[in-house]
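Data block below; observations after.
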Amino acid sequence: MFNFSVRLLTLLLPLLLISCGDPKPVQVPSSIPAPTPIFDTLISNAQLIDGLGSSAVLADVYLKDGKVAHISTIGQSQAKANHIIDANNRVLAPGFIDVHSHGDPLQTPEFENFLAQGVTTITLGQDGDSPVQVKDSSQWIAQVNASGIGVNLALFVGHGSLRNEAGVGQKPEPSADELKKMQELLNSALDYSFGLSTGLEYNPGLHASELELVELARVTGIRNRIVMSHMRNEDDDQLEASLDELLSQGRVSRVHVSHLKSVYGKGIDRAEEILAVLANARGEGIEVTADVYPYNASYAGIALLFPVWSKTAEEFAVAKETRREELEEYLRNRIQRRNGPEATLLGTEPYTGKTLADLEQELNLPFEKILIDVIGPQGAGGAYFIMNDALQSRLLENDLITASSDGSPTGFHPRGHGTFAKYIEEYVVNREALTLVEAVRKITSFSANILGLQDRGSIEIGKVADLVLFTPENVKANATYPSPLQLSSGFDIVFLKGEIAFENGASTKAGLGTVLKPNK
C-alpha cells in the first residue's frame with residue numbers, strides 16, 4: 001500500500017507543479033466595462049488656477065476624502081460624484097494662506113472674517129508672543145482641536161515668551177544657562193510649531209542682542225523651520241540696520257520679514273532700494289522672504305510711540321516721575337514726525353474711533369499730556385497712518401513678497417476683515433498691477449513654501465482640498481477704518497478639506513479647520 005501511494009505521488013507531482021504555477025492574469029471580456037469611479041464632489045466648469053503660476057484652464061475638479069482626486073478637461077471624464085457644484089466659469093483657486101495673523105481660537109473659533117476673504121490657513125504666535133505658555137502648548141493645541149476651529153492654524157513660538165519662561169525677562173544678556181534653556185524650550189516647541197517669531201520693537205524682545213537671536217535662529221535652522229520677525233525698527237532711516245540684523249540670522253536659518261514697511265519712506269525708488277537689500281541677500285544664499293499688507297496704516301499698541309525707557313508700566317512710572325519734560329518732548333516730536341495727532345486712530349475703548357487730535361479737542365489737552373496722563377503706554381491700541389502708497393505697493397507687487405493681514409477677528413483695523421479682498425480688488429482688478437495668476441500664486445503656493453506646508457497651497461492630485469470659488473470682479477473689501485469689522489464679499493464658496501465651510505456670505509459648518517503639524 002505504501003509503495004503504491006509513493007508511485008502515485010511520483011506520477012502526479014509534475015501535474016501538480018504545472019497546475020500550481022504562477023497565476024495568469026484574468027482576462028476581462030471587452031464587453032464588460034471597468035467600474036466608473038464615484039467621487040464625493042465634482043466642481044464642474046471651473047477656471048482652474050492651480051496656485052503654481054500656471055495659466056488658468058477650464059477644468060472639472062473631483063474631490064474625495066478631503067483631497068483633490070481627479071482633474072479633467074470639462075465634460076471629458078465619465079466619473080460620477082455624489083455632489084455636483086457648477087462653477088459656471090468662476091475661478092477655482094487654492095485657499096489663501098495668511099502668513100501673519102492674530103486671534104484667539106478659544107474665544108473666537110469661527111474666524112469668519114478670514115473665511116469671508118477666501119483664507120483657509122492662518123498663523124498665530126506672531127511678533128514674539130505665543131498664544132499660551134510654550135511649555136503648555138501641546139495641551140492648548142489639543143484643546144483647540146477638541147473645541148473646533150473654523151480655519152487651519154499654523155503655530156509659531158514667540159521669542160518674548162521664551163525669554164519670560166526661561167527667566168530672562170527684560171535682561172539685556174541671558175546667562176549661558178538661560179540661553180540654553182531658551183534653546184531647549186524652542187527645540188521642543190518646534191515639534192509642533194512652524195518656526196520662531198520675534199517682536200523686537202516690543203518688550204521683552206527689544207532687550208535681546210543680535211548674538212542671542214542668532215543662537216536661537218541656529219536651532220530653527222537645524223530643524224528646517226523659519227524665523228519670522230517684526231524687526232527692531234521700521235523707521236525709514238533705521239530699516240537697513242534692522243534688515244541687517246535679521247539677515248545675520250539668515251546665515252543659519254530661513255528668515256522672513258513680517259509686514260515689511262518703511263515708516264516715513266516715500267516713493268518707488270525707495271522701495272527699489274529696500275528690495276535690492278533683499279535681492280542681494282538672496283544672491284549670497286540667504287533664504288529671505290517678506291509679507292506686506294495692502295493698507296497704509298499700521299496697527300499696534302500705543303506703547304509703540306513711547307521711548308524704550310518708558311514702555312513697561314514700571315519704566316513708565318519712573319520716567320513720568322523723573323524724566324517728565326524729556327518724555328513730553330519725545331512724544332511731541334515722534335507724533336509730529338508720524339504725520340501729526342490726526343494720523344493716530346485709537347481702536348480700544350473708551351477711545352475707539354477717535355484720533356489723538358479728536359481727544360485734544362475733547363479734553364482740551366495737548367496730545368503728549370493725553371498720552372502720559374490719560375492713556376499711558378499700556379492703555380490703548382491704534383492705527384497709524386504713516387506709510388506711503390507708492391512705496392508699499394511696489395513692495396507688495398514683488399514676486400518674492402506675499403500678502404498678509406496682520407489682522408484678527410476683533411482688531412479695529414480693516415486689514416483683519418479686508419486684506420485679501422482688497423489685494424484682489426485693488427491690485428488685480430482696479431490697478432492691474434498683478435495678474436490674477438500671479439496674485440494667487442503669491443498667497444497660495446508661495447506662502448505654503450514659506451511656512452513649509454507640503455500638502456496645501458496648490459490644486460494638484462493628492463493635495464488637501466482647501467479651495468475658494470469666486471469671480472474676481474465681484475470681490476469687495478467692505479471693511480473701512482470707521483467700520484473695520486465688515487465681512488468681505490465676492491468669495492462665493494470656501495472649502496476646507498473638500499467640505500463647504502463658507503457660502504452665501506456666512507459660515508456653513510463649524511470646526512472644519514485643524515491645528516496643522518509641520519513637516520519633519
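The way I read the labels, and the way they are meant: chains A, B, ... in the order of the C-alpha cells, residue 1 as the first residue of every chain, and ligand 1 as the first ligand shown, with later ones counted on from there.
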
| task | For segment 419-423 of chain A, list every protein, DNA or RNA residue within 10 Å, evaluated using only C-alpha atoms, and leave out those in the same chain fewer than 6 positions away; present the list as a count of residues only. | result | 36

Go through segment 395-417 of chain A residue by residue and, counting only C-alpha atoms, keep those with an atom at most 9 Å from segment 444-457 of chain A; for each kept residue give the shortest atom pair and its distance in Å to one decimal, ordered by chain and increasing number, as CSV.
residue,atom,partner,partner_atom,distance
A:Leu400,CA,A:Phe446,CA,8.1
A:Ile401,CA,A:Phe446,CA,8.8
A:Thr402,CA,A:Ser447,CA,6.6
A:Ala403,CA,A:Ser447,CA,8.6

| said: If we count only C-alpha atoms and set the cut-off at 10 Å, which residues sit around Gln183 of chain A, ignoring sequence neighbours fewer than 4 positions away in its own chain? Please answer as a ChimeraX atom specification. | reply: /A:162,166,177-179,187-189,212,215-220

Output the selection as a compact mmCIF listing (two decimals), in the first residue's frame - N, CA and C atoms for each residue.
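As written to disk, again_16.txt reads:
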# COMPACT_ATOMS: atom_id res chain seq x y z
N LEU A 162 9.62 82.85 25.12
CA LEU A 162 10.77 82.06 25.53
C LEU A 162 11.58 82.78 26.59
N ALA A 166 12.07 81.32 30.38
CA ALA A 166 13.43 80.93 30.76
C ALA A 166 13.96 81.79 31.90
N ASP A 177 23.27 79.51 31.00
CA ASP A 177 22.23 78.54 31.35
C ASP A 177 20.86 78.99 30.85
N GLU A 178 20.58 80.29 30.95
CA GLU A 178 19.29 80.81 30.49
C GLU A 178 19.15 80.69 28.99
N LEU A 179 20.24 80.99 28.26
CA LEU A 179 20.20 80.84 26.81
C LEU A 179 19.99 79.37 26.43
N ASN A 187 13.53 74.21 20.84
CA ASN A 187 13.67 72.97 20.10
C ASN A 187 12.50 72.03 20.37
N SER A 188 12.06 71.97 21.60
CA SER A 188 10.91 71.13 21.94
C SER A 188 9.65 71.65 21.26
N ALA A 189 9.47 72.98 21.26
CA ALA A 189 8.27 73.57 20.67
C ALA A 189 8.23 73.40 19.15
N GLU A 212 22.17 86.69 20.77
CA GLU A 212 21.10 85.83 21.28
C GLU A 212 20.19 85.38 20.16
N GLU A 215 21.78 82.70 17.96
CA GLU A 215 21.85 81.39 18.60
C GLU A 215 20.49 80.70 18.60
N LEU A 216 19.42 81.45 18.74
CA LEU A 216 18.09 80.86 18.65
C LEU A 216 17.75 80.51 17.20
N ALA A 217 18.16 81.37 16.28
CA ALA A 217 17.92 81.08 14.86
C ALA A 217 18.64 79.80 14.44
N ARG A 218 19.77 79.55 15.06
CA ARG A 218 20.53 78.34 14.73
C ARG A 218 19.69 77.08 15.01
N VAL A 219 18.91 77.13 16.09
CA VAL A 219 18.04 75.99 16.42
C VAL A 219 16.97 75.83 15.35
N THR A 220 16.35 76.93 14.92
CA THR A 220 15.30 76.83 13.88
C THR A 220 15.89 76.34 12.57

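Nearest to Asp244 of chain A of all the residues A:Met231, A:Ser72, A:Gln126, A:Gly53 is A:Met231, based on only C-alpha atoms.
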
| query | For the atom pair atom CA of Lys320 of chain A and atom CA of Asn203 of chain A, what is the interatomic distance in Å to one decimal place? | reply |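 It comes out at 18.5 Å.
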
| query | atom CA of Asn224 of chain A and atom CA of Gly195 of chain A are how many Å apart? | reply | 8.6 Å
